[in-house]
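Student: Dropping in input.txt, with compact mmCIF, C-alpha atoms and all ligand atoms.
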# COMPACT_ATOMS: atom_id res chain seq x y z
CA MET A 10 -4.77 29.17 16.34
CA VAL A 11 -3.81 25.54 16.88
CA PRO A 12 -3.45 23.75 13.56
CA ILE A 13 -5.69 20.70 13.13
CA PRO A 14 -4.11 18.03 10.92
CA GLN A 15 -6.22 15.79 8.66
CA THR A 16 -4.55 12.67 10.04
CA ASP A 17 -1.87 12.14 12.71
CA PRO A 18 -0.03 8.80 12.89
CA HIS A 19 2.46 10.28 15.35
CA ALA A 20 -0.36 10.93 17.83
CA ASN A 21 -1.24 7.25 17.60
CA TYR A 22 2.38 6.29 18.30
CA ARG A 23 2.41 8.62 21.33
CA ALA A 24 -0.83 7.05 22.59
CA HIS A 25 0.77 3.58 22.62
CA ARG A 26 4.43 4.50 23.03
CA VAL A 27 5.19 2.31 26.05
CA GLU A 28 3.67 -0.83 24.53
CA ILE A 29 5.16 -0.18 21.10
CA ASP A 30 8.66 0.50 22.42
CA ALA A 31 8.52 -2.68 24.52
CA ALA A 32 7.29 -4.69 21.52
CA MET A 33 10.14 -3.41 19.35
CA GLN A 34 12.70 -4.14 22.06
CA ARG A 35 11.34 -7.70 22.32
CA VAL A 36 12.04 -8.24 18.60
CA LEU A 37 15.50 -6.66 18.82
CA ASP A 38 16.39 -8.94 21.71
CA SER A 39 14.94 -12.06 20.08
CA GLY A 40 17.61 -12.25 17.38
CA ARG A 41 14.92 -13.27 14.87
CA TYR A 42 14.46 -10.56 12.24
CA ILE A 43 12.52 -12.32 9.47
CA LEU A 44 9.06 -13.90 10.05
CA GLY A 45 9.20 -16.03 13.23
CA GLU A 46 7.00 -15.99 16.32
CA GLU A 47 5.91 -12.35 16.18
CA VAL A 48 4.54 -12.70 12.66
CA VAL A 49 2.86 -16.04 13.45
CA ALA A 50 1.26 -14.58 16.59
CA PHE A 51 0.05 -11.47 14.76
CA GLU A 52 -1.40 -13.61 11.96
CA ARG A 53 -3.35 -15.65 14.54
CA GLU A 54 -4.60 -12.54 16.38
CA PHE A 55 -5.55 -10.70 13.21
CA ALA A 56 -7.39 -13.68 11.68
CA ASP A 57 -9.38 -13.94 14.94
CA PHE A 58 -10.14 -10.22 14.82
CA VAL A 59 -11.57 -10.55 11.31
CA GLY A 60 -13.33 -13.83 12.06
CA ALA A 61 -11.48 -15.78 9.35
CA ALA A 62 -9.43 -18.96 9.67
CA HIS A 63 -6.12 -17.67 8.28
CA ALA A 64 -4.08 -14.49 7.88
CA VAL A 65 -0.78 -14.22 6.05
CA GLY A 66 1.44 -11.19 6.71
CA VAL A 67 2.93 -9.55 3.63
CA ALA A 68 4.91 -6.41 2.85
CA SER A 69 2.05 -4.04 1.91
CA GLY A 70 -1.62 -3.75 1.05
CA THR A 71 -0.75 -3.60 -2.65
CA ASP A 72 1.16 -6.88 -2.37
CA ALA A 73 -1.69 -8.41 -0.35
CA LEU A 74 -4.09 -7.72 -3.24
CA GLU A 75 -1.68 -9.02 -5.86
CA LEU A 76 -0.81 -12.22 -3.98
CA ALA A 77 -4.46 -12.91 -3.09
CA LEU A 78 -5.44 -12.62 -6.75
CA ARG A 79 -2.52 -14.78 -7.88
CA ALA A 80 -3.42 -17.43 -5.30
CA CYS A 81 -6.87 -17.55 -6.95
CA GLY A 82 -5.12 -18.26 -10.24
CA VAL A 83 -5.65 -14.79 -11.68
CA GLY A 84 -3.03 -13.91 -14.29
CA ALA A 85 -2.39 -12.84 -17.88
CA GLY A 86 -5.49 -13.05 -20.06
CA ASP A 87 -7.91 -12.70 -17.12
CA LEU A 88 -10.26 -9.82 -16.39
CA VAL A 89 -10.84 -8.47 -12.88
CA PHE A 90 -13.73 -6.07 -12.19
CA THR A 91 -13.12 -3.29 -9.66
CA VAL A 92 -13.85 0.44 -9.23
CA ALA A 93 -12.18 3.65 -10.47
CA HIS A 94 -12.91 5.56 -7.27
CA THR A 95 -10.19 4.02 -5.09
CA ALA A 96 -6.48 4.24 -4.29
CA VAL A 97 -4.52 3.61 -7.49
CA ALA A 98 -2.96 0.66 -5.63
CA THR A 99 -6.13 -1.41 -6.13
CA VAL A 100 -5.83 -1.23 -9.91
CA ALA A 101 -2.01 -1.41 -9.92
CA ALA A 102 -2.15 -4.69 -7.97
CA ILE A 103 -4.54 -6.21 -10.51
CA GLU A 104 -2.20 -5.27 -13.36
CA HIS A 105 0.80 -6.71 -11.45
CA THR A 106 -0.79 -10.15 -11.80
CA GLY A 107 -0.89 -9.71 -15.58
CA ALA A 108 -4.70 -9.45 -15.58
CA THR A 109 -6.71 -6.57 -17.05
CA PRO A 110 -8.74 -4.45 -14.62
CA VAL A 111 -12.22 -3.39 -15.79
CA LEU A 112 -13.66 -0.41 -13.92
CA VAL A 113 -17.26 -0.32 -12.70
CA ASP A 114 -19.11 2.74 -11.35
CA ILE A 115 -19.92 3.38 -7.67
CA TYR A 116 -23.03 4.21 -5.65
CA PRO A 117 -23.10 7.99 -5.14
CA HIS A 118 -24.02 7.58 -1.45
CA SER A 119 -21.50 5.02 -0.13
CA TYR A 120 -18.78 5.49 -2.81
CA THR A 121 -18.52 1.72 -3.20
CA MET A 122 -19.11 -0.60 -6.19
CA ASP A 123 -22.67 -0.27 -7.56
CA ALA A 124 -24.10 -3.79 -7.65
CA ASP A 125 -26.55 -2.85 -10.42
CA CYS A 126 -23.70 -1.61 -12.63
CA LEU A 127 -21.82 -4.79 -11.76
CA GLN A 128 -24.81 -6.94 -12.71
CA ALA A 129 -25.22 -5.10 -16.03
CA ALA A 130 -21.49 -5.55 -16.74
CA LEU A 131 -21.71 -9.28 -15.96
CA ARG A 132 -24.79 -9.81 -18.16
CA ASP A 133 -23.17 -8.09 -21.09
CA PRO A 134 -19.43 -8.09 -20.30
CA PRO A 135 -17.53 -5.51 -22.34
CA LEU A 136 -14.53 -7.77 -22.98
CA GLY A 137 -15.63 -11.13 -21.59
CA ARG A 138 -16.43 -12.68 -18.26
CA PRO A 139 -14.08 -11.75 -15.41
CA ARG A 140 -12.34 -14.26 -13.18
CA ALA A 141 -12.52 -12.19 -10.01
CA LEU A 142 -14.14 -9.14 -8.42
CA VAL A 143 -12.31 -6.65 -6.19
CA PRO A 144 -14.85 -4.56 -4.24
CA VAL A 145 -13.30 -1.80 -2.10
CA HIS A 146 -14.66 -0.89 1.36
CA LEU A 147 -13.79 2.75 0.83
CA TYR A 148 -13.47 5.27 3.69
CA GLY A 149 -14.43 2.54 6.19
CA HIS A 150 -17.89 1.96 4.71
CA PRO A 151 -18.45 -1.67 3.65
CA ALA A 152 -19.22 -2.39 0.01
CA ASP A 153 -22.56 -4.06 -0.77
CA MET A 154 -21.22 -7.56 -0.08
CA PRO A 155 -24.55 -9.42 0.05
CA SER A 156 -25.32 -8.36 -3.56
CA ILE A 157 -21.74 -8.68 -4.79
CA CYS A 158 -21.29 -12.17 -3.31
CA ARG A 159 -24.64 -13.27 -4.77
CA LEU A 160 -23.52 -12.18 -8.26
CA ALA A 161 -20.09 -13.77 -7.79
CA LYS A 162 -21.74 -17.06 -6.92
CA GLU A 163 -24.10 -16.89 -9.87
CA TYR A 164 -21.23 -16.26 -12.30
CA GLY A 165 -18.63 -18.46 -10.56
CA LEU A 166 -16.17 -15.65 -9.72
CA TYR A 167 -13.64 -15.18 -6.95
CA VAL A 168 -14.15 -12.21 -4.62
CA VAL A 169 -11.04 -10.53 -3.20
CA GLU A 170 -12.07 -7.73 -0.84
CA ASP A 171 -9.92 -4.60 -0.64
CA CYS A 172 -10.15 -3.93 3.12
CA ALA A 173 -7.27 -1.42 3.27
CA GLN A 174 -9.56 1.28 4.72
CA ALA A 175 -11.97 -0.81 6.74
CA HIS A 176 -10.33 -2.84 9.56
CA GLY A 177 -13.23 -3.63 11.90
CA ALA A 178 -16.12 -2.64 9.60
CA VAL A 179 -19.08 -5.04 9.76
CA ILE A 180 -22.07 -5.88 7.57
CA ASP A 181 -24.96 -7.83 9.09
CA GLY A 182 -22.75 -9.05 11.95
CA ARG A 183 -19.95 -10.31 9.66
CA SER A 184 -16.67 -8.38 9.39
CA VAL A 185 -15.32 -7.15 6.10
CA GLY A 186 -12.62 -9.58 5.04
CA ALA A 187 -14.83 -12.56 5.93
CA TRP A 188 -17.18 -12.24 2.92
CA GLY A 189 -15.05 -13.06 -0.12
CA GLN A 190 -12.76 -16.07 -0.65
CA MET A 191 -9.88 -13.73 0.15
CA ALA A 192 -9.30 -10.23 1.48
CA ALA A 193 -6.40 -7.79 1.48
CA PHE A 194 -5.53 -5.42 4.33
CA SER A 195 -2.96 -2.61 4.43
CA PHE A 196 -1.17 -1.44 7.57
CA TYR A 197 0.11 1.81 6.05
CA PRO A 198 0.64 4.14 9.06
CA THR A 199 -2.53 6.22 8.60
CA LYS A 200 -4.91 3.26 8.17
CA ASN A 201 -7.29 2.33 11.01
CA LEU A 202 -4.71 -0.27 12.05
CA GLY A 203 -1.35 1.19 11.04
CA ALA A 204 2.22 -0.05 11.37
CA LEU A 205 5.21 2.31 11.66
CA GLY A 206 6.23 1.53 8.11
CA ASP A 207 4.76 -0.69 5.41
CA GLY A 208 2.80 -3.87 6.03
CA GLY A 209 -0.18 -5.84 4.80
CA ALA A 210 -2.07 -9.10 5.23
CA VAL A 211 -4.10 -11.53 3.19
CA VAL A 212 -7.02 -13.08 5.05
CA SER A 213 -8.93 -16.19 3.99
CA SER A 214 -10.87 -19.07 5.48
CA ASP A 215 -9.69 -21.35 2.66
CA ALA A 216 -6.58 -23.19 3.90
CA ALA A 217 -5.34 -24.04 0.40
CA LEU A 218 -5.56 -20.42 -0.80
CA ALA A 219 -3.80 -19.17 2.35
CA GLU A 220 -1.03 -21.76 1.79
CA LYS A 221 -0.55 -20.47 -1.75
CA VAL A 222 -0.06 -16.94 -0.43
CA ARG A 223 2.51 -18.26 2.09
CA ALA A 224 4.47 -19.77 -0.79
CA LEU A 225 4.12 -16.69 -3.02
CA ARG A 226 5.41 -14.34 -0.30
CA GLN A 227 8.63 -16.31 0.05
CA TYR A 228 10.29 -17.62 -3.14
CA GLY A 229 7.56 -20.20 -3.77
CA TRP A 230 8.84 -22.19 -0.80
CA HIS A 231 6.62 -24.91 0.54
CA GLU A 232 9.42 -25.95 2.83
CA ARG A 233 12.70 -24.12 3.30
CA TYR A 234 14.87 -24.08 0.15
CA VAL A 235 12.26 -26.02 -1.86
CA SER A 236 10.54 -23.81 -4.42
CA ASP A 237 7.50 -25.71 -5.68
CA SER A 238 6.30 -22.72 -7.61
CA PRO A 239 7.83 -19.39 -8.68
CA GLY A 240 7.55 -16.81 -5.91
CA GLY A 241 9.05 -13.52 -4.79
CA ASN A 242 9.68 -11.77 -1.49
CA SER A 243 6.86 -9.99 0.29
CA ARG A 244 7.12 -10.75 4.00
CA LEU A 245 5.64 -8.80 6.91
CA ASP A 246 8.55 -7.47 8.98
CA PRO A 247 8.56 -8.88 12.56
CA LEU A 248 9.15 -5.39 13.97
CA GLN A 249 5.98 -4.24 12.26
CA ALA A 250 4.15 -7.41 13.38
CA ALA A 251 5.13 -6.66 17.00
CA ILE A 252 3.94 -3.04 16.65
CA LEU A 253 0.66 -4.22 15.14
CA ARG A 254 0.21 -6.68 18.03
CA ALA A 255 0.61 -3.77 20.46
CA LYS A 256 -2.01 -1.73 18.59
CA LEU A 257 -4.59 -4.38 17.64
CA PRO A 258 -6.17 -4.65 21.14
CA HIS A 259 -6.99 -0.91 20.91
CA LEU A 260 -8.55 -1.02 17.44
CA HIS A 261 -12.17 -1.45 18.58
CA PHE A 262 -11.84 1.46 20.98
CA GLU A 263 -10.17 3.63 18.33
CA ASN A 264 -12.82 2.80 15.73
CA GLY A 265 -15.34 3.83 18.39
CA ARG A 266 -13.57 7.20 18.71
CA ARG A 267 -13.77 7.67 14.94
CA ARG A 268 -17.46 6.81 15.05
CA SER A 269 -18.13 9.29 17.81
CA HIS A 270 -16.26 12.05 15.91
CA ALA A 271 -18.46 11.19 12.90
CA ARG A 272 -21.63 11.47 15.03
CA ARG A 273 -20.51 14.88 16.24
CA TYR A 274 -19.71 16.10 12.71
CA ARG A 275 -23.17 14.92 11.60
CA GLU A 276 -24.95 16.68 14.45
CA LEU A 277 -23.14 19.96 13.91
CA LEU A 278 -23.41 19.90 10.10
CA ALA A 279 -27.00 18.67 9.91
CA GLY A 280 -28.41 22.10 9.02
CA ALA A 281 -25.60 23.11 6.63
CA GLU A 282 -25.79 22.80 2.84
CA ILE A 283 -23.21 20.03 2.77
CA GLY A 284 -23.44 16.42 1.61
CA LEU A 285 -22.82 14.07 4.54
CA PRO A 286 -21.55 10.48 4.21
CA ALA A 287 -24.07 7.64 4.02
CA ALA A 288 -24.43 5.37 7.03
CA ARG A 289 -26.60 2.35 6.34
CA SER A 290 -28.22 0.98 9.46
CA ASP A 291 -27.13 -2.62 8.75
CA VAL A 292 -23.41 -1.77 8.63
CA ARG A 293 -20.75 -0.63 11.07
CA HIS A 294 -18.89 2.19 9.33
CA VAL A 295 -15.38 2.65 10.79
CA TYR A 296 -14.72 6.09 9.29
CA HIS A 297 -11.25 5.71 7.92
CA GLN A 298 -12.32 9.04 6.41
CA PHE A 299 -15.23 11.38 7.03
CA VAL A 300 -15.97 12.62 3.53
CA ILE A 301 -18.32 15.52 2.88
CA ARG A 302 -19.47 16.80 -0.45
CA THR A 303 -19.95 20.25 -1.97
CA LYS A 304 -19.77 21.73 -5.47
CA GLN A 305 -17.54 24.47 -4.05
CA ARG A 306 -15.08 22.04 -2.55
CA ASP A 307 -11.92 23.97 -3.43
CA LEU A 308 -13.23 27.19 -1.88
CA LEU A 309 -14.24 25.40 1.31
CA ARG A 310 -10.83 23.77 1.46
CA GLU A 311 -9.13 27.18 1.24
CA HIS A 312 -11.45 28.59 3.91
CA LEU A 313 -10.50 25.75 6.27
CA ARG A 314 -6.81 26.17 5.48
CA ASP A 315 -7.07 29.85 6.46
CA PHE A 316 -8.14 28.68 9.92
CA GLY A 317 -5.38 26.08 10.24
CA VAL A 318 -7.63 23.13 9.43
CA SER A 319 -6.10 20.58 7.05
CA SER A 320 -8.28 18.50 4.76
CA ALA A 321 -7.56 16.03 1.97
CA ILE A 322 -9.11 14.72 -1.23
CA HIS A 323 -9.40 10.96 -1.56
CA TYR A 324 -9.01 10.92 -4.53
CA PRO A 325 -8.78 13.97 -6.80
CA VAL A 326 -8.36 11.99 -10.04
CA PRO A 327 -10.19 8.68 -10.57
CA VAL A 328 -8.02 5.84 -11.88
CA HIS A 329 -9.45 5.94 -15.44
CA ARG A 330 -8.27 9.57 -15.72
CA GLN A 331 -4.75 9.03 -14.29
CA PRO A 332 -2.02 9.49 -16.91
CA ALA A 333 -0.81 5.91 -16.40
CA TYR A 334 -4.26 4.39 -17.04
CA ALA A 335 -6.31 6.86 -19.13
CA GLY A 336 -7.41 5.48 -22.48
CA ARG A 337 -5.85 2.14 -21.65
CA VAL A 338 -7.80 0.57 -18.80
CA PRO A 339 -11.30 -0.48 -19.91
CA THR A 340 -14.46 0.65 -18.14
CA ALA A 341 -17.83 -1.06 -17.92
CA GLY A 342 -20.10 1.74 -19.11
CA GLU A 343 -20.05 5.34 -17.94
CA LEU A 344 -18.38 6.16 -14.63
CA ALA A 345 -20.57 9.20 -14.01
CA HIS A 346 -20.71 8.87 -10.22
CA SER A 347 -16.95 8.26 -9.98
CA ASP A 348 -16.25 11.38 -12.04
CA ALA A 349 -18.73 13.56 -10.12
CA ALA A 350 -17.37 12.45 -6.74
CA ALA A 351 -13.78 13.36 -7.59
CA ASP A 352 -14.77 17.03 -8.08
CA GLU A 353 -16.84 17.42 -4.93
CA ILE A 354 -15.44 15.29 -2.11
CA LEU A 355 -13.46 16.54 0.88
CA SER A 356 -12.00 14.43 3.70
CA LEU A 357 -12.20 16.24 7.06
CA PRO A 358 -9.78 15.70 9.96
CA MET A 359 -10.36 12.15 11.25
CA TYR A 360 -8.18 10.06 13.55
CA PRO A 361 -8.76 8.54 16.99
CA GLU A 362 -6.73 11.12 18.92
CA LEU A 363 -8.61 14.07 17.42
CA THR A 364 -10.33 15.90 20.30
CA PRO A 365 -14.07 16.57 20.41
CA ALA A 366 -13.20 20.28 20.71
CA ALA A 367 -11.26 20.11 17.43
CA VAL A 368 -14.21 18.38 15.74
CA ASP A 369 -16.44 21.21 16.97
CA THR A 370 -14.03 23.83 15.61
CA VAL A 371 -13.89 22.19 12.17
CA ALA A 372 -17.68 21.83 12.01
CA GLN A 373 -18.21 25.44 13.12
CA ARG A 374 -15.86 26.72 10.40
CA ILE A 375 -17.77 24.74 7.79
CA ALA A 376 -21.19 25.83 9.06
CA GLU A 377 -20.03 29.47 9.01
CA TRP A 378 -18.75 29.10 5.46
CA THR A 379 -21.99 27.55 4.20
CA ARG A 380 -24.00 30.44 5.71
CA LEU A 381 -21.74 32.98 3.94
CA ASN A 382 -22.00 31.10 0.66
CA GLN A 383 -25.75 30.60 0.46
C1 LIG B 401 -3.80 2.06 1.21
C2 LIG B 401 -4.61 1.34 0.19
C3 LIG B 401 -4.07 0.31 -0.60
C4 LIG B 401 -2.61 -0.01 -0.65
O1 LIG B 401 -2.01 -0.29 0.53
P1 LIG B 401 -0.40 -0.11 0.69
O2 LIG B 401 -0.13 -0.75 2.00
O3 LIG B 401 -0.12 1.35 0.67
O4 LIG B 401 0.25 -0.84 -0.44
C5 LIG B 401 -4.92 -0.40 -1.43
N1 LIG B 401 -6.23 -0.08 -1.51
C6 LIG B 401 -6.78 0.92 -0.80
C7 LIG B 401 -8.24 1.19 -0.94
C8 LIG B 401 -5.98 1.68 0.06
O5 LIG B 401 -6.54 2.69 0.75
For the file at hand, write its structure as structure tokens.
Tutor:
Amino acid sequence: MVPIPQTDPHANYRAHRVEIDAAMQRVLDSGRYILGEEVVAFEREFADFVGAAHAVGVASGTDALELALRACGVGAGDLVFTVAHTAVATVAAIEHTGATPVLVDIYPHSYTMDADCLQAALRDPPLGRPRALVPVHLYGHPADMPSICRLAKEYGLYVVEDCAQAHGAVIDGRSVGAWGQMAAFSFYPTKNLGALGDGGAVVSSDAALAEKVRALRQYGWHERYVSDSPGGNSRLDPLQAAILRAKLPHLHFENGRRRSHARRYRELLAGAEIGLPAARSDVRHVYHQFVIRTKQRDLLREHLRDFGVSSAIHYPVPVHRQPAYAGRVPTAGELAHSDAAADEILSLPMYPELTPAAVDTVAQRIAEWTRLNQ
């Protein structure tokens, strides 16, 4: 029995080892170990990939969200609407700015912000009108940006997209990250585009907002040693930038592999009593995760574990029920779909180097289990 991991960043390193090792050596030999050419070149290449004018490399996805919001002027006393069904980092970053996050429910099919709930919350805001919205393109499926951007325009709000799980996802021909005024990406090693350590980027087509992020990531410097505004330190490491430059040209191909694994899972699980992820025809889903749904999730997970198949739960406890946030972070109405999802979701093995044979094995184990449990 060959174990099948849920994700495998080492396999991705092995797939690009020669290019990555050469890229790292180039940085070591350059003598430049903070920002510099590698970071500038990656920023150019990544902005082009997204189809935005500017990208600014920062230390993590969490920092990217925080700095993007702060560049929009979000701070103490402001409200920011986002979702509870996301990585805690989304909500943590909002609080780091001093603002108060307000959590909105999700669509049960795509697990992204429900635009009708958002509209109801904007018409009758629980605590007041927000200054910004942070939709999350969860699992690689784009949020409903046409509706969200329409509402943001109507109410005069900034949109900062959380693209940490959706590098390369597209809605109506436009990439995620090119819909809002700003967008935040993470390069955590298991993401669709992953560094070999921490990294992140803010993307924007607004030159003034991008400039503000450049100052915020480095002591508020506009020019060296001149702090025009208070800032901190959140720079993308040039070693990570060089690694990301080696990997970026392969991202479309690797997203294609994820999509073909997803097609195979769908085919093989079509007859089984299992909830399959939504795939709207007007979007390109990049399957950061392939998330199925069943009321007997924990039993299925054990069954898979018995056969050496790892799975994961993204995320077992929604943010409004986490000890750090429960009873403290406000919600806009009931979060019924967020709560229900947390009890039923299961992320199957999904990464580009996964073999079709492994996908077949996982699907067969699940199909078997559903037959036994019906
Ligand atoms: C990974 C992730 C983040 C945070 O990124 P880091 O680089 O780990 O700080 C934020 N939001 C979502 C949805 C994520 O998946």
Student: Counting all atoms listed in the file, give me one row per residue of chain A with an atom at most 7 Å from an atom of ligand LIG 401 (chain B), showing the shortest contact pair and its distance in Å to one decimal, sorted by chain then residue number, as a tab-separated table.
Tutor:
residue	atom	partner	partner_atom	distance
A:Ser69	CA	B:LIG401	O2	3.9
A:Gly70	CA	B:LIG401	O2	3.5
A:Thr71	CA	B:LIG401	O4	3.7
A:Asp72	CA	B:LIG401	O4	6.4
A:Thr95	CA	B:LIG401	C7	5.4
A:Ala96	CA	B:LIG401	C6	4.8
A:Ala98	CA	B:LIG401	C5	4.8
A:Thr99	CA	B:LIG401	N1	4.8
A:Val145	CA	B:LIG401	C7	6.0
A:Leu147	CA	B:LIG401	C7	6.0
A:Asp171	CA	B:LIG401	N1	5.9
A:Cys172	CA	B:LIG401	C7	6.8
A:Ala173	CA	B:LIG401	C8	4.6
A:Gln174	CA	B:LIG401	O5	5.2
A:Ser195	CA	B:LIG401	O2	4.2
A:Phe196	CA	B:LIG401	O2	5.7
A:Tyr197	CA	B:LIG401	O2	4.8
A:Asp207	CA	B:LIG401	O2	6.0
A:Gly208	CA	B:LIG401	O2	5.9
A:Gly209	CA	B:LIG401	O2	5.8
Student: Using all atoms listed in the file, tabulate the residues of segment 31-71 of chain A lying at most 9 Å from any atom of segment 247-258 of chain A, each with its closest atom pair and that distance in Å to one decimal, by chain and increasing residue number, as a Markdown table.
Tutor:
| residue | atom | partner | partner_atom | distance |
| --- | --- | --- | --- | --- |
| A:Ala31 | CA | A:Ala255 | CA | 9.0 |
| A:Ala32 | CA | A:Ala251 | CA | 5.4 |
| A:Met33 | CA | A:Leu248 | CA | 5.8 |
| A:Gln34 | CA | A:Leu248 | CA | 8.9 |
| A:Arg35 | CA | A:Ala251 | CA | 8.2 |
| A:Val36 | CA | A:Leu248 | CA | 6.2 |
| A:Leu37 | CA | A:Leu248 | CA | 8.1 |
| A:Arg41 | CA | A:Pro247 | CA | 8.1 |
| A:Tyr42 | CA | A:Pro247 | CA | 6.1 |
| A:Ile43 | CA | A:Pro247 | CA | 6.1 |
| A:Leu44 | CA | A:Pro247 | CA | 5.6 |
| A:Gly45 | CA | A:Pro247 | CA | 7.2 |
| A:Glu46 | CA | A:Pro247 | CA | 8.2 |
| A:Glu47 | CA | A:Pro247 | CA | 5.7 |
| A:Val48 | CA | A:Ala250 | CA | 5.4 |
| A:Val49 | CA | A:Ala250 | CA | 8.7 |
| A:Ala50 | CA | A:Arg254 | CA | 8.1 |
| A:Phe51 | CA | A:Arg254 | CA | 5.8 |
| A:Glu52 | CA | A:Ala250 | CA | 8.4 |
| A:Glu54 | CA | A:Arg254 | CA | 7.8 |
| A:Phe55 | CA | A:Leu257 | CA | 7.8 |
| A:Phe58 | CA | A:Leu257 | CA | 8.5 |
| A:Gly66 | CA | A:Ala250 | CA | 8.1 |
Student: Would you export the selected residues with C-alpha atoms as an mmCIF file, keeping the file's coordinate frame, please?
Tutor:
data_model
loop_
_atom_site.group_PDB
_atom_site.id
_atom_site.type_symbol
_atom_site.label_atom_id
_atom_site.label_comp_id
_atom_site.auth_asym_id
_atom_site.auth_seq_id
_atom_site.Cartn_x
_atom_site.Cartn_y
_atom_site.Cartn_z
ATOM 1 C CA ALA A 31 8.520 -2.680 24.520
ATOM 2 C CA ALA A 32 7.290 -4.690 21.520
ATOM 3 C CA MET A 33 10.140 -3.410 19.350
ATOM 4 C CA GLN A 34 12.700 -4.140 22.060
ATOM 5 C CA ARG A 35 11.340 -7.700 22.320
ATOM 6 C CA VAL A 36 12.040 -8.240 18.600
ATOM 7 C CA LEU A 37 15.500 -6.660 18.820
ATOM 8 C CA ARG A 41 14.920 -13.270 14.870
ATOM 9 C CA TYR A 42 14.460 -10.560 12.240
ATOM 10 C CA ILE A 43 12.520 -12.320 9.470
ATOM 11 C CA LEU A 44 9.060 -13.900 10.050
ATOM 12 C CA GLY A 45 9.200 -16.030 13.230
ATOM 13 C CA GLU A 46 7.000 -15.990 16.320
ATOM 14 C CA GLU A 47 5.910 -12.350 16.180
ATOM 15 C CA VAL A 48 4.540 -12.700 12.660
ATOM 16 C CA VAL A 49 2.860 -16.040 13.450
ATOM 17 C CA ALA A 50 1.260 -14.580 16.590
ATOM 18 C CA PHE A 51 0.050 -11.470 14.760
ATOM 19 C CA GLU A 52 -1.400 -13.610 11.960
ATOM 20 C CA GLU A 54 -4.600 -12.540 16.380
ATOM 21 C CA PHE A 55 -5.550 -10.700 13.210
ATOM 22 C CA PHE A 58 -10.140 -10.220 14.820
ATOM 23 C CA GLY A 66 1.440 -11.190 6.710
#
Student: Residues at most 7 Å from segment 76-85 of chain A, counting only C-alpha atoms, excluding those fewer than 4 positions away in the same chain, as a PyMOL selection string?
Tutor: chain A and resi 72+106-108+140+169+191+211+218+221-222+225
Student: Considering all atoms listed in the file, state which residue in the set A:Thr379, A:Ser119, A:Gln15, A:Ser214 is at the smallest distance from Gly280 of chain A.
Tutor: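 Looking only at the distances to Gly280 of chain A, the closest residue turns out to be A:Thr379.
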Student: In Å, with one decimal, what is the gap from atom CA of Gln305 of chain A to atom CA of Leu285 of chain A?
Tutor: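 Separation of atom CA of Gln305 of chain A and atom CA of Leu285 of chain A: 14.5 Å.
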Student: Quick one, how far is atom CA of Cys158 of chain A from atom CA of Ser213 of chain A?
Tutor: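 Interatomic distance, atom CA of Cys158 of chain A to atom CA of Ser213 of chain A: 14.9 Å.
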Student: Would you please work out which residue, of A:Val89, A:Ala279, A:Ala24, A:Ala335, is nearest to Leu142 of chain A when using only C-alpha atoms?
Tutor: A:Val89
Student: Which protein, DNA or RNA residues have an atom at most 6 Å from (-14.7, 20.9, -6.7), counting only C-alpha atoms? List them as a tab-separated table (two decimals) with C-alpha atoms, in the coordinates of the input.
Tutor:
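So the final result, stored in out06.tsv, reads:
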chain	number	residue	atom	x	y	z
A	304	LYS	CA	-19.77	21.73	-5.47
A	305	GLN	CA	-17.54	24.47	-4.05
A	306	ARG	CA	-15.08	22.04	-2.55
A	307	ASP	CA	-11.92	23.97	-3.43
A	352	ASP	CA	-14.77	17.03	-8.08
A	353	GLU	CA	-16.84	17.42	-4.93
Student: Would you mind listing what lies within 9 Å of Ala20 of chain A as a PDB file with C-alpha atoms, in the frame of the given file, with all atoms listed in the file counted and same-chain residues fewer than 5 positions away left out?
Tutor:
ATOM      1  CA  HIS A  25       0.770   3.580  22.620  1.00  0.00           C
ATOM      2  CA  TYR A 360      -8.180  10.060  13.550  1.00  0.00           C
ATOM      3  CA  PRO A 361      -8.760   8.540  16.990  1.00  0.00           C
ATOM      4  CA  GLU A 362      -6.730  11.120  18.920  1.00  0.00           C
ATOM      5  CA  LEU A 363      -8.610  14.070  17.420  1.00  0.00           C
TER       6      LEU A 363
END
Student: Excluding segment 295-297 of chain A and any residue of its chain fewer than 2 positions from it, enumerate the residues within 8 Å of it, using only C-alpha atoms, and give them as a list in words.
Tutor: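 Listed by chain and then number, they are Tyr148, Gly149, His150, Gln174, Ala175, His176, Gly177, Ala178, Lys200, Asn201, Asn264, Gly265, Arg267, Arg268, Ala271, Arg293, Phe299, Met359 and Tyr360 of chain A.
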Student: What's the separation between atom CA of His261 of chain A and atom CA of Ile375 of chain A, in Å to one decimal place?
Tutor: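 So the answer is 28.9 Å.
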Student: Every residue with an atom at most 10 Å from (-19.2, -5.6, -20.5) (file coordinates; all atoms listed in the file) is what I'm after, so could you write them as a ChimeraX atom specification?
Tutor: /A:90,111,113,126-139,339-342
